[in-house]
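Have a look at the structure below before the remarks.
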Amino acid sequence: MANPTFDVAMLATPNIDYYADTTKANWQAYCDRHGYEFTVWREPVLEDMHLIWSKIELMRRHLEKSKADWLVVVDADTMVNRPELPMTYLTEKHPGKDFIISEDVSRRFGIPIPLDTLSVRLCRNRRGPNCGFMMIRNNAYGLDFVTRWLAHGRGDCAHVADIFPREQRILWMTLFHTDRDHIAMLGDEVMRIGNNAFLDKFTTDWSQAFVLHDKRLPQMPA
């Protein structure tokens with residue numbers, strides 16, 4: 001069987017270039033190393049919804065036209081920490097799954113600690129998903145998944161679709177439950193850091209993490 005192919009995409013509008021230029025270069029170098037196509041979405045495409053929902057619509061459009069087996073969508077505050085690892089490092093851990101996503105936790109001494117109580121309540125799980133790193137299989141199910149995600153945001157969940165954390169909140173409320181058999185949660189392969197620099201220093205070891213979701217953003221220049 002041929003090795004699966006991957007496209008990697010990031011939504012990074014020009015207003016965040018002051019930090020995203022670094023992460024874009026990091027992901028481009030990683031994709032060049034492994035032969036993946038890297039796309040940066042620069043502009044929102046939905047006028048009726050918050051900017052972040054354009055990411056979901058752009059995912060849908062990309063799946064419609066791409067021939068890659070997987071689409072990997074990364075936030076602009078993520079970076080590859082172990083560039084030697086291919087994306088199959090993650091997909092092979094979760095055979096048969098169509099949507100693989102990072103966890104909405106900090107890890108203290110290896111223990112997952114939820115980032116907020118909302119995710120626990122809506123997901124009914126201590127490890128809810130975080131949309132900073134997502135992998136979706138490019139098949140009929142994957143396209144239907146993102147199409148229904150957007151439909152929830154415009155339909156039955158429209159009343160909270162613009163309340164932070166927006167698309168993530170809708171995922172917690174809907175597809176995380178109805179499509180649970182198709183979803184795999186990553187663990188310390190993708191690690192959230194920077195929420196508490198003091199605790200990170202003493203309680204979190206991210207040296208072996210594949211990807212870092214790093215909230216230690218530089219300040220916007222004056």
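Chain lettering (A, B, ...) mirrors the order of the structure tokens, residue numbering begins at 1 for each chain separately, and ligand numbering begins at 1 in order of display.
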Spatial neighbours of Thr88 (chain A), 12 Å, only C-alpha atoms, chain gap at least 2 places, as a PyMOL selection string: chain A and resi 3-6+34+36+69-70+72+84-86+90-95+100+135+210
Region 11-99 of chain A near region 181-191 of chain A within 7 Å: what's each residue's closest atom pair and its distance in Å to one decimal, counting only C-alpha atoms, ordered by chain then ascending residue number, as CSV?
residue,atom,partner,partner_atom,distance
A:His94,CA,A:Ala184,CA,6.6
A:Lys97,CA,A:His182,CA,4.9
A:Asp98,CA,A:His182,CA,5.4
A:Phe99,CA,A:Ile183,CA,4.8
Could those residues be written to a file, using N, CA and C atoms, as a JSON list (two decimals), in the first residue's frame?
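Result file result.json:
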[["chain", "number", "residue", "atom", "x", "y", "z"],
["A", 94, "HIS", "N", -3.74, 5.81, 15.10],
["A", 94, "HIS", "CA", -5.21, 5.85, 15.16],
["A", 94, "HIS", "C", -5.80, 5.30, 13.86],
["A", 97, "LYS", "N", -9.60, 5.94, 12.03],
["A", 97, "LYS", "CA", -10.22, 7.20, 12.44],
["A", 97, "LYS", "C", -10.15, 8.20, 11.28],
["A", 98, "ASP", "N", -11.13, 9.09, 11.23],
["A", 98, "ASP", "CA", -11.22, 10.06, 10.14],
["A", 98, "ASP", "C", -10.91, 11.48, 10.58],
["A", 99, "PHE", "N", -10.94, 11.75, 11.86],
["A", 99, "PHE", "CA", -10.68, 13.09, 12.38],
["A", 99, "PHE", "C", -9.83, 12.95, 13.62]]
Can you tell me, as a PyMOL selection string, what residues are no more than 12 Å from Val105 (chain A) when counting only C-alpha atoms, ignoring any on the same chain fewer than 3 positions away? chain A and resi 102+108+110-120+125-132+185-188+190-195+204+213
Print the selection's residues with N, CA and C atoms to a file, as a CSV table (one decimal), in the first residue's frame.
chain,number,residue,atom,x,y,z
A,102,SER,N,-6.0,17.6,18.5
A,102,SER,CA,-5.3,17.8,19.8
A,102,SER,C,-6.2,18.0,20.9
A,108,ARG,N,0.7,18.7,33.3
A,108,ARG,CA,1.5,18.9,34.5
A,108,ARG,C,2.0,17.6,35.0
A,110,GLY,N,2.9,15.3,33.3
A,110,GLY,CA,2.3,14.3,32.4
A,110,GLY,C,0.8,14.1,32.6
A,111,ILE,N,0.2,14.8,33.5
A,111,ILE,CA,-1.2,14.6,33.8
A,111,ILE,C,-2.0,15.7,33.0
A,112,PRO,N,-3.0,15.3,32.2
A,112,PRO,CA,-3.8,16.3,31.5
A,112,PRO,C,-4.7,17.1,32.4
A,113,ILE,N,-4.6,18.4,32.4
A,113,ILE,CA,-5.4,19.3,33.2
A,113,ILE,C,-6.2,20.2,32.2
A,114,PRO,N,-7.5,20.1,32.3
A,114,PRO,CA,-8.4,20.9,31.4
A,114,PRO,C,-8.1,22.4,31.4
A,115,LEU,N,-8.1,23.0,30.3
A,115,LEU,CA,-7.8,24.4,30.2
A,115,LEU,C,-9.0,25.3,30.8
A,116,ASP,N,-10.2,24.7,30.7
A,116,ASP,CA,-11.3,25.4,31.3
A,116,ASP,C,-12.4,24.4,31.6
A,117,THR,N,-13.3,24.9,32.4
A,117,THR,CA,-14.4,24.0,32.8
A,117,THR,C,-15.5,23.8,31.7
A,118,LEU,N,-15.5,24.8,30.8
A,118,LEU,CA,-16.5,24.7,29.7
A,118,LEU,C,-16.4,23.5,28.9
A,119,SER,N,-15.1,23.2,28.5
A,119,SER,CA,-14.9,22.1,27.7
A,119,SER,C,-15.3,20.8,28.4
A,120,VAL,N,-15.0,20.7,29.7
A,120,VAL,CA,-15.4,19.5,30.4
A,120,VAL,C,-16.9,19.3,30.5
A,125,ASN,N,-16.2,15.3,29.3
A,125,ASN,CA,-14.9,14.6,29.2
A,125,ASN,C,-13.8,15.5,29.6
A,126,ARG,N,-12.9,15.0,30.4
A,126,ARG,CA,-11.8,15.9,30.9
A,126,ARG,C,-10.8,16.3,29.8
A,127,ARG,N,-10.8,15.6,28.7
A,127,ARG,CA,-10.0,15.9,27.6
A,127,ARG,C,-10.8,16.2,26.3
A,128,GLY,N,-11.3,17.4,26.3
A,128,GLY,CA,-12.0,17.8,25.1
A,128,GLY,C,-11.1,18.1,24.0
A,129,PRO,N,-11.5,18.3,22.8
A,129,PRO,CA,-10.7,18.6,21.6
A,129,PRO,C,-10.3,20.1,21.5
A,130,ASN,N,-9.2,20.4,21.0
A,130,ASN,CA,-8.7,21.7,20.7
A,130,ASN,C,-8.4,21.9,19.3
A,131,CYS,N,-8.9,22.9,18.6
A,131,CYS,CA,-8.8,23.0,17.2
A,131,CYS,C,-7.5,23.6,16.7
A,132,GLY,N,-6.5,23.7,17.6
A,132,GLY,CA,-5.2,24.2,17.2
A,132,GLY,C,-4.5,23.3,16.2
A,185,MET,N,-8.4,11.4,19.8
A,185,MET,CA,-7.8,12.5,20.5
A,185,MET,C,-6.3,12.2,20.7
A,186,LEU,N,-5.5,13.2,20.3
A,186,LEU,CA,-4.1,13.1,20.5
A,186,LEU,C,-3.8,13.4,22.0
A,187,GLY,N,-2.6,12.9,22.4
A,187,GLY,CA,-2.2,13.2,23.8
A,187,GLY,C,-1.0,14.2,23.8
A,188,ASP,N,0.1,13.7,24.3
A,188,ASP,CA,1.3,14.6,24.4
A,188,ASP,C,2.1,14.7,23.1
A,190,VAL,N,1.0,16.5,20.7
A,190,VAL,CA,0.8,18.0,20.5
A,190,VAL,C,0.5,18.6,21.8
A,191,MET,N,1.4,19.5,22.3
A,191,MET,CA,1.3,20.0,23.6
A,191,MET,C,1.1,21.5,23.7
A,192,ARG,N,0.2,21.9,24.5
A,192,ARG,CA,-0.1,23.3,24.8
A,192,ARG,C,0.9,23.8,25.8
A,193,ILE,N,1.6,24.9,25.5
A,193,ILE,CA,2.5,25.5,26.4
A,193,ILE,C,2.2,27.0,26.4
A,194,GLY,N,2.7,27.7,27.4
A,194,GLY,CA,2.6,29.2,27.5
A,194,GLY,C,1.4,29.7,28.2
A,195,ASN,N,0.5,28.9,28.7
A,195,ASN,CA,-0.6,29.4,29.5
A,195,ASN,C,-0.1,29.9,30.8
A,204,THR,N,6.2,20.9,33.1
A,204,THR,CA,5.9,20.4,31.8
A,204,THR,C,7.2,20.1,31.0
A,213,HIS,N,1.8,23.8,20.7
A,213,HIS,CA,0.8,24.9,20.5
A,213,HIS,C,1.2,25.9,21.6
Report the residues of chain A whose backbone DSSP state falls under strand (DSSP E), written as a count of residues only. 52
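When only C-alpha atoms are used to measure the gap to Arg42 (chain A), the shortest distance among A:Thr178, A:Thr203, A:Ser54, A:Thr23 belongs to A:Ser54.
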For Leu171 (chain A), which of A:Met10, A:Leu122, A:Ala197, A:Val40 is the closest residue, counting only C-alpha atoms?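 Nearest candidate to Leu171 (chain A) out of A:Met10, A:Leu122, A:Ala197, A:Val40: A:Leu122.
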Need to verify the contact set: Arg166 (chain A), 12 Å, only C-alpha atoms, exclusion of same-chain residues closer than 6 positions in sequence. Can you return it as number ranges by chain? A: 49-56, 119, 130-131, 149-150, 152-154, 157-160, 172-173
As a VMD selection string, which residues of region 36-155 of chain A does DSSP assign to alpha helix (DSSP H)? chain A and resid 51 to 65 88 to 91 117 to 123 140 to 154
Counting only C-alpha atoms, the option among A:Ser207, A:Asn81, A:Thr13, A:Thr147 closest to Glu57 (chain A):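 Checking each of A:Ser207, A:Asn81, A:Thr13, A:Thr147 against Glu57 (chain A), counting only C-alpha atoms, the winner is A:Thr147.
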So which residues touch Leu175 (chain A) within 9 Å, counting only C-alpha atoms, skipping near sequence neighbours fewer than 5 positions away, as a list in words?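 Selected residues are Phe145, Arg148, Trp149, Ile170 and Arg180 of chain A.
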Convert the current residue selection to file output with C-alpha atoms, as a PDB file, in the first residue's frame.
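Produced file result-v1.pdb, reproduced below:
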ATOM      1  CA  PHE A 145     -17.976  16.281   8.680  1.00  0.00           C
ATOM      2  CA  ARG A 148     -22.085  19.643   9.042  1.00  0.00           C
ATOM      3  CA  TRP A 149     -19.762  21.521  11.407  1.00  0.00           C
ATOM      4  CA  ILE A 170     -19.717  24.072  18.455  1.00  0.00           C
ATOM      5  CA  ARG A 180     -17.277  10.094  18.441  1.00  0.00           C
TER       6      ARG A 180
END
Just to confirm, what's the straight-line distance from CA of Ile16 (chain A) to CA of Ala76 (chain A) in Å (one decimal)? 8.3 Å
Please identify all polymer residues within 6 Å of Tyr30 (chain A), counting only C-alpha atoms, omitting same-chain residues fewer than 3 positions from it, and present them as a list in words.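 Here the qualifying residues turn out to be Trp27, Arg33 and Pro83 of chain A.
In terms of minimum interatomic distance to Leu58 (chain A), A:Ala9 ranks closest within A:Ala9, A:Val211, A:Leu217, A:Leu199, counting only C-alpha atoms.
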I'd like to know which of A:Asp32, A:Asp156, A:Glu167, A:Glu37 is closest to Lys67 (chain A), using only C-alpha atoms. A:Glu37
